[in-house]
file protein14.cif (mmCIF, C-alpha atoms and all ligand atoms)
data_work
loop_
_atom_site.group_PDB
_atom_site.id
_atom_site.type_symbol
_atom_site.label_atom_id
_atom_site.label_comp_id
_atom_site.auth_asym_id
_atom_site.auth_seq_id
_atom_site.Cartn_x
_atom_site.Cartn_y
_atom_site.Cartn_z
ATOM 1 C CA MET A 1 64.504 -63.426 -35.528
ATOM 2 C CA SER A 2 61.752 -61.477 -37.182
ATOM 3 C CA LEU A 3 60.350 -58.303 -35.767
ATOM 4 C CA VAL A 4 56.832 -56.932 -36.265
ATOM 5 C CA VAL A 5 56.074 -53.238 -35.838
ATOM 6 C CA VAL A 6 52.751 -51.422 -35.754
ATOM 7 C CA GLY A 7 52.767 -47.649 -35.880
ATOM 8 C CA SER A 8 52.018 -44.636 -37.989
ATOM 9 C CA VAL A 9 53.031 -44.436 -41.626
ATOM 10 C CA ALA A 10 52.667 -40.760 -42.336
ATOM 11 C CA PHE A 11 53.285 -37.608 -44.227
ATOM 12 C CA ASP A 12 55.073 -35.054 -42.038
ATOM 13 C CA SER A 13 55.542 -31.327 -42.428
ATOM 14 C CA VAL A 14 58.454 -30.102 -40.357
ATOM 15 C CA ARG A 15 59.659 -26.559 -39.619
ATOM 16 C CA GLY A 16 62.814 -25.645 -37.769
ATOM 17 C CA PRO A 17 65.938 -23.511 -37.750
ATOM 18 C CA HIS A 18 67.314 -25.371 -40.785
ATOM 19 C CA GLY A 19 64.260 -24.796 -42.978
ATOM 20 C CA CYS A 20 60.987 -26.528 -43.650
ATOM 21 C CA VAL A 21 59.858 -29.561 -45.608
ATOM 22 C CA ASP A 22 56.255 -30.283 -46.535
ATOM 23 C CA ARG A 23 54.615 -33.703 -46.627
ATOM 24 C CA MET A 24 57.692 -35.891 -46.531
ATOM 25 C CA LEU A 25 57.489 -39.592 -45.748
ATOM 26 C CA GLY A 26 57.491 -40.173 -41.978
ATOM 27 C CA GLY A 27 55.608 -41.889 -39.194
ATOM 28 C CA SER A 28 56.737 -43.938 -36.231
ATOM 29 C CA ALA A 29 56.607 -47.292 -38.073
ATOM 30 C CA THR A 30 58.515 -45.882 -41.049
ATOM 31 C CA TYR A 31 61.484 -44.605 -39.023
ATOM 32 C CA PHE A 32 61.448 -47.713 -36.856
ATOM 33 C CA SER A 33 61.355 -50.160 -39.792
ATOM 34 C CA ILE A 34 64.166 -48.495 -41.701
ATOM 35 C CA ALA A 35 66.431 -48.342 -38.626
ATOM 36 C CA ALA A 36 65.680 -51.940 -37.598
ATOM 37 C CA SER A 37 66.142 -53.243 -41.152
ATOM 38 C CA TYR A 38 69.934 -52.951 -40.722
ATOM 39 C CA PHE A 39 69.759 -55.680 -38.048
ATOM 40 C CA THR A 40 66.923 -58.107 -38.778
ATOM 41 C CA SER A 41 63.871 -58.820 -40.974
ATOM 42 C CA VAL A 42 61.070 -56.375 -40.285
ATOM 43 C CA ARG A 43 57.308 -56.699 -40.941
ATOM 44 C CA VAL A 44 55.205 -53.587 -40.765
ATOM 45 C CA VAL A 45 51.523 -53.273 -39.767
ATOM 46 C CA GLY A 46 49.673 -50.066 -40.560
ATOM 47 C CA VAL A 47 47.436 -48.315 -43.023
ATOM 48 C CA VAL A 48 47.951 -45.740 -45.757
ATOM 49 C CA GLY A 49 45.555 -43.842 -47.996
ATOM 50 C CA ASP A 50 45.319 -43.585 -51.771
ATOM 51 C CA ASP A 51 47.684 -40.575 -51.696
ATOM 52 C CA PHE A 52 50.508 -42.948 -50.706
ATOM 53 C CA ALA A 53 52.371 -43.413 -53.983
ATOM 54 C CA ASP A 54 54.581 -46.271 -55.195
ATOM 55 C CA GLU A 55 57.641 -44.071 -54.613
ATOM 56 C CA HIS A 56 56.775 -43.972 -50.870
ATOM 57 C CA HIS A 57 56.040 -47.684 -50.691
ATOM 58 C CA SER A 58 59.290 -48.528 -52.449
ATOM 59 C CA VAL A 59 61.280 -46.740 -49.728
ATOM 60 C CA LEU A 60 60.269 -49.534 -47.343
ATOM 61 C CA LEU A 61 60.712 -52.238 -49.971
ATOM 62 C CA THR A 62 64.265 -51.128 -50.815
ATOM 63 C CA ARG A 63 65.175 -51.749 -47.163
ATOM 64 C CA GLY A 64 63.670 -55.253 -47.411
ATOM 65 C CA VAL A 65 60.764 -54.434 -45.089
ATOM 66 C CA CYS A 66 57.759 -56.766 -45.508
ATOM 67 C CA THR A 67 54.675 -54.651 -46.231
ATOM 68 C CA GLN A 68 52.027 -57.394 -46.436
ATOM 69 C CA GLY A 69 50.530 -55.974 -43.234
ATOM 70 C CA LEU A 70 50.416 -52.419 -44.589
ATOM 71 C CA GLU A 71 46.844 -51.911 -45.780
ATOM 72 C CA ARG A 72 45.947 -49.401 -48.450
ATOM 73 C CA VAL A 73 42.438 -47.940 -48.267
ATOM 74 C CA ALA A 74 40.501 -45.047 -49.778
ATOM 75 C CA GLY A 75 41.196 -41.784 -47.970
ATOM 76 C CA LYS A 76 44.169 -39.775 -46.792
ATOM 77 C CA THR A 77 47.335 -41.017 -45.125
ATOM 78 C CA PHE A 78 48.027 -39.960 -41.486
ATOM 79 C CA PHE A 79 49.400 -36.410 -41.413
ATOM 80 C CA TRP A 80 51.484 -34.698 -38.728
ATOM 81 C CA ALA A 81 53.050 -31.230 -38.637
ATOM 82 C CA GLY A 82 55.527 -29.954 -36.077
ATOM 83 C CA GLU A 83 57.840 -27.065 -35.405
ATOM 84 C CA TYR A 84 61.173 -27.076 -33.549
ATOM 85 C CA SER A 85 62.470 -24.266 -31.340
ATOM 86 C CA ALA A 86 65.723 -22.468 -32.189
ATOM 87 C CA ASN A 87 67.743 -24.792 -29.912
ATOM 88 C CA MET A 88 65.953 -27.858 -31.397
ATOM 89 C CA ASN A 89 65.148 -29.153 -27.917
ATOM 90 C CA GLU A 90 61.482 -28.303 -27.916
ATOM 91 C CA ARG A 91 58.865 -29.305 -30.428
ATOM 92 C CA GLU A 92 55.345 -28.076 -30.856
ATOM 93 C CA THR A 93 52.788 -30.225 -32.664
ATOM 94 C CA LEU A 94 50.950 -27.963 -35.117
ATOM 95 C CA ASP A 95 48.576 -30.560 -36.559
ATOM 96 C CA THR A 96 47.672 -34.253 -36.198
ATOM 97 C CA GLN A 97 45.243 -35.744 -38.728
ATOM 98 C CA LEU A 98 44.573 -39.426 -38.076
ATOM 99 C CA ASN A 99 42.760 -39.832 -41.429
ATOM 100 C CA VAL A 100 42.780 -43.538 -42.420
ATOM 101 C CA PHE A 101 44.036 -44.514 -38.945
ATOM 102 C CA ALA A 102 40.748 -43.313 -37.405
ATOM 103 C CA THR A 103 38.919 -46.458 -38.594
ATOM 104 C CA PHE A 104 41.818 -48.906 -38.922
ATOM 105 C CA GLN A 105 41.254 -52.457 -37.607
ATOM 106 C CA PRO A 106 44.575 -54.290 -37.824
ATOM 107 C CA LYS A 107 44.487 -57.905 -39.032
ATOM 108 C CA LEU A 108 47.890 -59.544 -38.948
ATOM 109 C CA PRO A 109 48.891 -61.901 -41.788
ATOM 110 C CA PRO A 110 49.469 -65.438 -40.357
ATOM 111 C CA HIS A 111 53.272 -65.309 -40.669
ATOM 112 C CA TYR A 112 53.335 -62.027 -38.704
ATOM 113 C CA ARG A 113 51.568 -63.658 -35.742
ATOM 114 C CA GLN A 114 54.416 -66.085 -35.199
ATOM 115 C CA ALA A 115 57.146 -63.437 -34.938
ATOM 116 C CA PRO A 116 58.923 -63.511 -31.560
ATOM 117 C CA PHE A 117 59.560 -59.749 -31.373
ATOM 118 C CA LEU A 118 56.927 -57.019 -31.478
ATOM 119 C CA PHE A 119 57.221 -53.259 -31.287
ATOM 120 C CA LEU A 120 54.106 -51.204 -30.619
ATOM 121 C CA GLY A 121 55.144 -47.911 -32.175
ATOM 122 C CA ASN A 122 53.528 -44.622 -31.355
ATOM 123 C CA ILE A 123 49.880 -44.965 -32.383
ATOM 124 C CA ASP A 124 46.444 -45.277 -30.768
ATOM 125 C CA PRO A 125 46.890 -47.588 -27.728
ATOM 126 C CA GLU A 126 43.727 -49.460 -28.741
ATOM 127 C CA LEU A 127 45.431 -50.455 -31.997
ATOM 128 C CA GLN A 128 48.585 -51.367 -30.068
ATOM 129 C CA PHE A 129 46.504 -53.647 -27.839
ATOM 130 C CA ALA A 130 44.699 -55.246 -30.800
ATOM 131 C CA VAL A 131 48.038 -56.111 -32.442
ATOM 132 C CA ALA A 132 49.636 -57.445 -29.227
ATOM 133 C CA HIS A 133 46.546 -59.624 -28.726
ATOM 134 C CA GLN A 134 46.999 -61.328 -32.134
ATOM 135 C CA MET A 135 50.576 -62.481 -31.499
ATOM 136 C CA GLU A 136 50.931 -66.212 -30.792
ATOM 137 C CA SER A 137 54.011 -66.502 -28.594
ATOM 138 C CA PRO A 138 55.924 -63.245 -28.339
ATOM 139 C CA VAL A 139 59.318 -63.317 -26.640
ATOM 140 C CA LEU A 140 59.564 -59.551 -26.235
ATOM 141 C CA ILE A 141 56.921 -56.859 -26.684
ATOM 142 C CA ALA A 142 58.129 -53.279 -26.425
ATOM 143 C CA GLY A 143 56.183 -50.083 -26.977
ATOM 144 C CA ASP A 144 56.302 -46.325 -27.250
ATOM 145 C CA THR A 145 53.722 -43.586 -26.816
ATOM 146 C CA MET A 146 53.407 -39.799 -26.728
ATOM 147 C CA ASN A 147 51.548 -36.912 -25.068
ATOM 148 C CA PHE A 148 48.704 -37.059 -27.632
ATOM 149 C CA TRP A 149 47.713 -40.545 -26.378
ATOM 150 C CA ILE A 150 48.615 -40.006 -22.705
ATOM 151 C CA GLU A 151 46.148 -37.101 -22.679
ATOM 152 C CA GLY A 152 43.543 -38.555 -25.016
ATOM 153 C CA LYS A 153 43.476 -42.309 -24.258
ATOM 154 C CA ARG A 154 45.017 -42.822 -20.847
ATOM 155 C CA ALA A 155 42.876 -45.792 -19.764
ATOM 156 C CA GLU A 156 43.512 -47.622 -23.064
ATOM 157 C CA LEU A 157 47.223 -46.888 -22.742
ATOM 158 C CA ILE A 158 47.356 -48.320 -19.219
ATOM 159 C CA ARG A 159 45.684 -51.491 -20.541
ATOM 160 C CA THR A 160 48.339 -51.759 -23.282
ATOM 161 C CA LEU A 161 51.122 -51.224 -20.720
ATOM 162 C CA SER A 162 49.924 -54.279 -18.801
ATOM 163 C CA LYS A 163 50.692 -56.416 -21.913
ATOM 164 C CA ILE A 164 54.237 -55.216 -22.660
ATOM 165 C CA HIS A 165 57.696 -56.044 -21.340
ATOM 166 C CA ALA A 166 59.501 -52.813 -22.217
ATOM 167 C CA LEU A 167 58.449 -49.191 -22.689
ATOM 168 C CA ILE A 168 60.642 -46.739 -24.614
ATOM 169 C CA ILE A 169 59.437 -43.235 -23.826
ATOM 170 C CA ASN A 170 60.845 -39.713 -23.745
ATOM 171 C CA ASP A 171 61.481 -37.819 -20.517
ATOM 172 C CA SER A 172 58.589 -35.351 -20.664
ATOM 173 C CA GLU A 173 56.161 -38.148 -21.517
ATOM 174 C CA ALA A 174 57.504 -40.347 -18.688
ATOM 175 C CA ARG A 175 56.786 -37.432 -16.323
ATOM 176 C CA GLN A 176 53.320 -36.882 -17.779
ATOM 177 C CA LEU A 177 52.407 -40.585 -17.639
ATOM 178 C CA SER A 178 53.647 -41.142 -14.070
ATOM 179 C CA GLY A 179 52.931 -37.758 -12.476
ATOM 180 C CA GLU A 180 56.512 -37.817 -11.095
ATOM 181 C CA TYR A 181 59.075 -35.149 -12.045
ATOM 182 C CA ASN A 182 62.124 -37.134 -10.897
ATOM 183 C CA LEU A 183 62.945 -39.556 -13.735
ATOM 184 C CA LEU A 184 63.985 -42.404 -11.471
ATOM 185 C CA LYS A 185 60.684 -42.160 -9.611
ATOM 186 C CA ALA A 186 58.849 -41.782 -12.917
ATOM 187 C CA GLY A 187 60.522 -44.944 -14.257
ATOM 188 C CA ARG A 188 59.687 -46.906 -11.085
ATOM 189 C CA ALA A 189 56.066 -45.751 -11.222
ATOM 190 C CA ILE A 190 55.769 -46.888 -14.849
ATOM 191 C CA GLN A 191 57.376 -50.245 -13.981
ATOM 192 C CA SER A 192 54.534 -50.739 -11.505
ATOM 193 C CA MET A 193 52.059 -50.394 -14.431
ATOM 194 C CA GLY A 194 53.504 -53.528 -16.109
ATOM 195 C CA PRO A 195 56.737 -53.246 -18.113
ATOM 196 C CA GLU A 196 59.855 -54.499 -16.319
ATOM 197 C CA THR A 197 62.142 -52.462 -18.576
ATOM 198 C CA ILE A 198 61.754 -48.717 -19.040
ATOM 199 C CA VAL A 199 64.000 -46.814 -21.435
ATOM 200 C CA ILE A 200 63.758 -43.043 -20.967
ATOM 201 C CA LYS A 201 65.027 -41.029 -23.961
ATOM 202 C CA ARG A 202 66.417 -37.680 -22.890
ATOM 203 C CA GLY A 203 67.044 -35.963 -26.229
ATOM 204 C CA ASP A 204 70.596 -34.645 -26.475
ATOM 205 C CA ASN A 205 71.178 -35.775 -22.872
ATOM 206 C CA GLY A 206 71.138 -39.449 -23.896
ATOM 207 C CA ALA A 207 69.043 -42.285 -22.489
ATOM 208 C CA THR A 208 68.532 -44.126 -19.200
ATOM 209 C CA MET A 209 67.292 -47.693 -18.813
ATOM 210 C CA LEU A 210 65.703 -49.183 -15.710
ATOM 211 C CA GLN A 211 65.502 -52.968 -15.804
ATOM 212 C CA GLY A 212 64.277 -54.541 -12.585
ATOM 213 C CA GLN A 213 66.610 -52.940 -10.041
ATOM 214 C CA GLU A 214 69.422 -52.287 -12.604
ATOM 215 C CA ILE A 215 70.085 -48.852 -14.062
ATOM 216 C CA PHE A 216 72.129 -48.031 -17.170
ATOM 217 C CA SER A 217 72.685 -44.573 -18.676
ATOM 218 C CA VAL A 218 74.337 -43.441 -21.905
ATOM 219 C CA PRO A 219 75.124 -39.965 -23.215
ATOM 220 C CA ALA A 220 74.019 -38.818 -26.660
ATOM 221 C CA LEU A 221 76.762 -38.568 -29.241
ATOM 222 C CA PRO A 222 77.706 -34.875 -29.533
ATOM 223 C CA LEU A 223 76.859 -33.828 -33.115
ATOM 224 C CA GLU A 224 77.844 -30.580 -34.812
ATOM 225 C CA GLU A 225 74.759 -30.403 -37.008
ATOM 226 C CA VAL A 226 71.260 -31.497 -36.124
ATOM 227 C CA TYR A 227 68.902 -30.859 -39.039
ATOM 228 C CA ASP A 228 65.677 -32.577 -38.063
ATOM 229 C CA PRO A 229 65.091 -34.450 -34.782
ATOM 230 C CA THR A 230 61.830 -35.963 -36.110
ATOM 231 C CA GLY A 231 61.913 -39.731 -35.871
ATOM 232 C CA ALA A 232 64.988 -39.852 -33.620
ATOM 233 C CA GLY A 233 62.993 -41.691 -30.961
ATOM 234 C CA ASP A 234 61.551 -44.219 -33.409
ATOM 235 C CA SER A 235 64.961 -44.783 -34.982
ATOM 236 C CA PHE A 236 66.370 -45.321 -31.482
ATOM 237 C CA ALA A 237 63.664 -47.912 -30.890
ATOM 238 C CA GLY A 238 64.435 -49.527 -34.280
ATOM 239 C CA GLY A 239 68.139 -49.921 -33.463
ATOM 240 C CA PHE A 240 67.312 -51.166 -29.953
ATOM 241 C CA MET A 241 64.730 -53.766 -31.012
ATOM 242 C CA GLY A 242 66.578 -54.673 -34.210
ATOM 243 C CA TYR A 243 69.700 -55.537 -32.215
ATOM 244 C CA LEU A 244 67.724 -57.553 -29.630
ATOM 245 C CA ALA A 245 65.825 -59.447 -32.341
ATOM 246 C CA SER A 246 69.085 -60.321 -34.078
ATOM 247 C CA HIS A 247 70.576 -61.626 -30.799
ATOM 248 C CA GLY A 248 67.560 -63.263 -29.170
ATOM 249 C CA SER A 249 66.151 -66.754 -29.525
ATOM 250 C CA ASN A 250 62.678 -68.246 -29.415
ATOM 251 C CA ASN A 251 62.984 -68.874 -25.701
ATOM 252 C CA GLY A 252 64.482 -65.516 -24.906
ATOM 253 C CA GLY A 253 68.243 -65.460 -24.302
ATOM 254 C CA LEU A 254 68.010 -61.736 -23.660
ATOM 255 C CA THR A 255 70.451 -60.925 -20.881
ATOM 256 C CA HIS A 256 70.768 -57.538 -19.236
ATOM 257 C CA ALA A 257 74.130 -57.149 -21.040
ATOM 258 C CA LYS A 258 72.330 -57.484 -24.392
ATOM 259 C CA PHE A 259 69.853 -54.802 -23.382
ATOM 260 C CA ARG A 260 72.772 -52.493 -22.531
ATOM 261 C CA ARG A 261 74.311 -53.043 -25.957
ATOM 262 C CA ALA A 262 70.891 -52.540 -27.550
ATOM 263 C CA ILE A 263 70.716 -49.079 -25.945
ATOM 264 C CA ILE A 264 73.965 -48.165 -27.702
ATOM 265 C CA TYR A 265 72.676 -49.395 -31.083
ATOM 266 C CA GLY A 266 69.501 -47.412 -30.445
ATOM 267 C CA SER A 267 71.563 -44.290 -29.735
ATOM 268 C CA VAL A 268 73.594 -44.901 -32.904
ATOM 269 C CA MET A 269 70.483 -45.075 -35.104
ATOM 270 C CA GLY A 270 68.907 -42.047 -33.397
ATOM 271 C CA SER A 271 72.094 -40.045 -34.020
ATOM 272 C CA PHE A 272 71.957 -40.806 -37.760
ATOM 273 C CA ALA A 273 68.254 -39.936 -38.043
ATOM 274 C CA VAL A 274 68.735 -36.303 -37.001
ATOM 275 C CA GLU A 275 71.517 -35.522 -39.474
ATOM 276 C CA LYS A 276 69.172 -34.916 -42.429
ATOM 277 C CA PHE A 277 65.495 -34.155 -42.944
ATOM 278 C CA GLY A 278 63.149 -37.132 -42.844
ATOM 279 C CA VAL A 279 64.463 -40.636 -43.508
ATOM 280 C CA ASP A 280 67.207 -39.491 -45.908
ATOM 281 C CA ARG A 281 70.227 -40.195 -43.746
ATOM 282 C CA LEU A 282 68.859 -43.485 -42.414
ATOM 283 C CA LEU A 283 68.304 -44.824 -45.903
ATOM 284 C CA HIS A 284 71.908 -44.505 -46.986
ATOM 285 C CA LEU A 285 73.883 -46.257 -44.286
ATOM 286 C CA THR A 286 76.188 -49.234 -44.396
ATOM 287 C CA ARG A 287 76.906 -51.717 -41.642
ATOM 288 C CA GLU A 288 80.404 -50.149 -41.481
ATOM 289 C CA ASP A 289 78.886 -46.692 -40.775
ATOM 290 C CA ILE A 290 76.886 -48.209 -37.924
ATOM 291 C CA ASP A 291 79.844 -50.053 -36.429
ATOM 292 C CA ALA A 292 82.105 -46.989 -36.753
ATOM 293 C CA ARG A 293 79.579 -44.963 -34.775
ATOM 294 C CA LEU A 294 79.335 -47.727 -32.171
ATOM 295 C CA HIS A 295 83.096 -47.342 -31.679
ATOM 296 C CA GLU A 296 82.681 -43.580 -31.323
ATOM 297 C CA PHE A 297 80.287 -44.320 -28.467
ATOM 298 C CA GLN A 298 82.782 -46.702 -26.896
ATOM 299 C CA ARG A 299 85.499 -44.019 -27.033
ATOM 300 C CA LEU A 300 83.120 -41.412 -25.656
ATOM 301 C CA MET A 301 82.167 -43.552 -22.666
ATOM 302 C CA HIS A 302 85.520 -45.202 -21.925
ATOM 303 C CA PHE A 303 87.518 -44.334 -18.826
ATOM 304 C CA GLU A 304 90.246 -46.049 -16.760
HETATM 305 P P1 LIG A 401 59.550 -38.984 -32.872
HETATM 306 O O1 LIG A 401 60.211 -37.739 -33.374
HETATM 307 O O2 LIG A 401 60.459 -40.166 -32.842
HETATM 308 O O3 LIG A 401 58.805 -38.769 -31.582
HETATM 309 O O4 LIG A 401 58.398 -39.382 -33.919
HETATM 310 C C1 LIG A 401 57.967 -38.548 -34.938
HETATM 311 C C2 LIG A 401 56.991 -39.298 -35.836
HETATM 312 O O5 LIG A 401 55.825 -39.633 -35.084
HETATM 313 C C3 LIG A 401 56.555 -38.446 -37.003
HETATM 314 O O6 LIG A 401 57.057 -39.021 -38.198
HETATM 315 C C4 LIG A 401 55.028 -38.446 -36.946
HETATM 316 O O7 LIG A 401 54.435 -38.800 -38.175
HETATM 317 C C5 LIG A 401 54.681 -39.472 -35.898
HETATM 318 N N1 LIG A 401 53.600 -39.019 -35.009
HETATM 319 C C6 LIG A 401 53.411 -37.769 -34.497
HETATM 320 N N2 LIG A 401 52.307 -37.736 -33.727
HETATM 321 C C7 LIG A 401 51.776 -38.983 -33.738
HETATM 322 C C8 LIG A 401 50.632 -39.594 -33.124
HETATM 323 N N3 LIG A 401 49.792 -38.909 -32.339
HETATM 324 N N4 LIG A 401 50.427 -40.913 -33.352
HETATM 325 C C9 LIG A 401 51.271 -41.599 -34.137
HETATM 326 N N5 LIG A 401 52.354 -41.099 -34.747
HETATM 327 C C10 LIG A 401 52.614 -39.806 -34.552
#

call {"tool": "encode", "arguments": {"input": "protein14.cif", "output": "structure tokens"}}
result
Amino acid sequence: MSLVVVGSVAFDSVRGPHGCVDRMLGGSATYFSIAASYFTSVRVVGVVGDDFADEHHSVLLTRGVCTQGLERVAGKTFFWAGEYSANMNERETLDTQLNVFATFQPKLPPHYRQAPFLFLGNIDPELQFAVAHQMESPVLIAGDTMNFWIEGKRAELIRTLSKIHALIINDSEARQLSGEYNLLKAGRAIQSMGPETIVIKRGDNGATMLQGQEIFSVPALPLEEVYDPTGAGDSFAGGFMGYLASHGSNNGGLTHAKFRRAIIYGSVMGSFAVEKFGVDRLLHLTREDIDARLHEFQRLMHFE
């Protein structure tokens, strides 16, 4: 089943304990698309500027991602810069330049509109809403957001939340959005804004899903080296949605058990993303690598 994603396609500058990289390919839709491409066919919606070269575009094409919905206009591509603390658990945004995204009006190609699965990646909630509105008969719409939009476009974000079935969000943003410190209360408060399923990403503490009254939690895979956490959340979302899209049907068929398995595939893809700077590690995986890591998760979580 095909999967549409809207989100940022960006150049990122990242600093951290393992060094710094300037203007590498990034963005929420980029990480998401590459991760999801191991599971299903992915169609990306977004905009890039005239500084986005063929070598960047071909990264998506080599993973079989459809880029008909990726517009190219005069101007500069979205730019983000961030710095990680010594323990890699905290990140400070140093710069966000919306550039060509500031005036973007998404228009979905006709074959995108029929896709049953949609992911509203981290981007202006008004754009998320405009894309959700163009879909003809979505089976599952999931979304993500971050502090930048919770602070800057709260009302628009709340409107988008009323359209989606699942929200994938990190712990500090769940607290900020709900005003609740306790994550269970935060998740319940966000459920009351619309989405039935809330997945709270907790960095190297794993992830917790609330679905209706059900709760499911997974640890993060302990890793010896974490080079660059950028995009871990989007790669998580790509594995999660990619798995669901490859196991869903036009009339749903998405059981709670499938959502639980999707959380593990999300954790698998997030764990790969952090092992190298940018999209490097994600680009060079095989299905065997992914399945081997799934088994590592099973061993980690198994008990008699
Ligand atoms: P993550 O580490 O999964 O939270 O996502 C990091 C990616 O989000 C980076 O590649 C950035 O380009 C992108 N990003 C950062 N800030 C924003 C924003 N305000 N809107 C959209 N994308 C963003």

call {"tool": "closest_residue", "arguments": {"input": "protein14.cif", "among": "A:Arg72, A:Arg113, A:Arg63, A:Arg293", "to": "Leu223 of chain A", "atoms": "only C-alpha atoms"}}
result
A:Arg293

call {"tool": "residues_near_point", "arguments": {"input": "protein14.cif", "point": "(62.9, -44.7, -40.6)", "cutoff": "7 Å", "atoms": "only C-alpha atoms", "output": "JSON list (two decimals) with C-alpha atoms, in the frame of the given file"}}
result
[["chain", "number", "residue", "atom", "x", "y", "z"],
["A", 30, "THR", "CA", 58.52, -45.88, -41.05],
["A", 31, "TYR", "CA", 61.48, -44.60, -39.02],
["A", 32, "PHE", "CA", 61.45, -47.71, -36.86],
["A", 33, "SER", "CA", 61.36, -50.16, -39.79],
["A", 34, "ILE", "CA", 64.17, -48.50, -41.70],
["A", 35, "ALA", "CA", 66.43, -48.34, -38.63],
["A", 231, "GLY", "CA", 61.91, -39.73, -35.87],
["A", 235, "SER", "CA", 64.96, -44.78, -34.98],
["A", 279, "VAL", "CA", 64.46, -40.64, -43.51],
["A", 282, "LEU", "CA", 68.86, -43.48, -42.41]]

call {"tool": "residues_around", "arguments": {"input": "protein14.cif", "residues": "Met1 of chain A", "least_positions_apart": "6", "cutoff": "7 Å", "atoms": "all atoms listed in the file", "output": "NGL selection string"}}
result
:A and (40 or 116 or 245-246)

call {"tool": "resolve_selection", "arguments": {"input": "protein14.cif", "expression": "the PyMOL selection byres (((chain A and resi 52) around 9) and not hetatm)", "output": "MDAnalysis selection string"}}
result
chainID A and resid 10:11 48:51 53:57 72 76:77

call {"tool": "closest_residue", "arguments": {"input": "protein14.cif", "among": "A:Gly248, A:Gly75, A:Gly64, A:Gly253", "to": "Ala115 of chain A", "atoms": "all atoms listed in the file"}}
result
A:Gly248

call {"tool": "resolve_selection", "arguments": {"input": "protein14.cif", "expression": "the PyMOL selection byres (((chain A and resi 218) around 8) and not hetatm)", "output": "ChimeraX atom specification"}}
result
/A:206-208,216-217,219-220,263-264,301

call {"tool": "resolve_selection", "arguments": {"input": "protein14.cif", "expression": "the PyMOL selection byres (((chain A and resi 276) around 12) and not hetatm)", "output": "ChimeraX atom specification"}}
result
/A:14,18-21,225-232,270-275,277-284

call {"tool": "residues_around", "arguments": {"input": "protein14.cif", "residues": "Ala86 of chain A", "least_positions_apart": "4", "cutoff": "9 Å", "atoms": "all atoms listed in the file", "output": "ChimeraX atom specification"}}
result
/A:16-17,90

call {"tool": "residues_near_ligand", "arguments": {"input": "protein14.cif", "ligand": "ligand LIG 401 (chain A)", "cutoff": "7 Å", "atoms": "all atoms listed in the file", "output": "list of chain:residue names"}}
result
A:Gly7, A:Ser8, A:Val9, A:Ala10, A:Phe11, A:Asp12, A:Gly26, A:Gly27, A:Ser28, A:Phe79, A:Trp80, A:Thr96, A:Asn122, A:Ile123, A:Asp124, A:Met146, A:Phe148, A:Trp149, A:Pro229, A:Thr230, A:Gly231, A:Ala232, A:Gly233, A:Asp234, A:Ser235
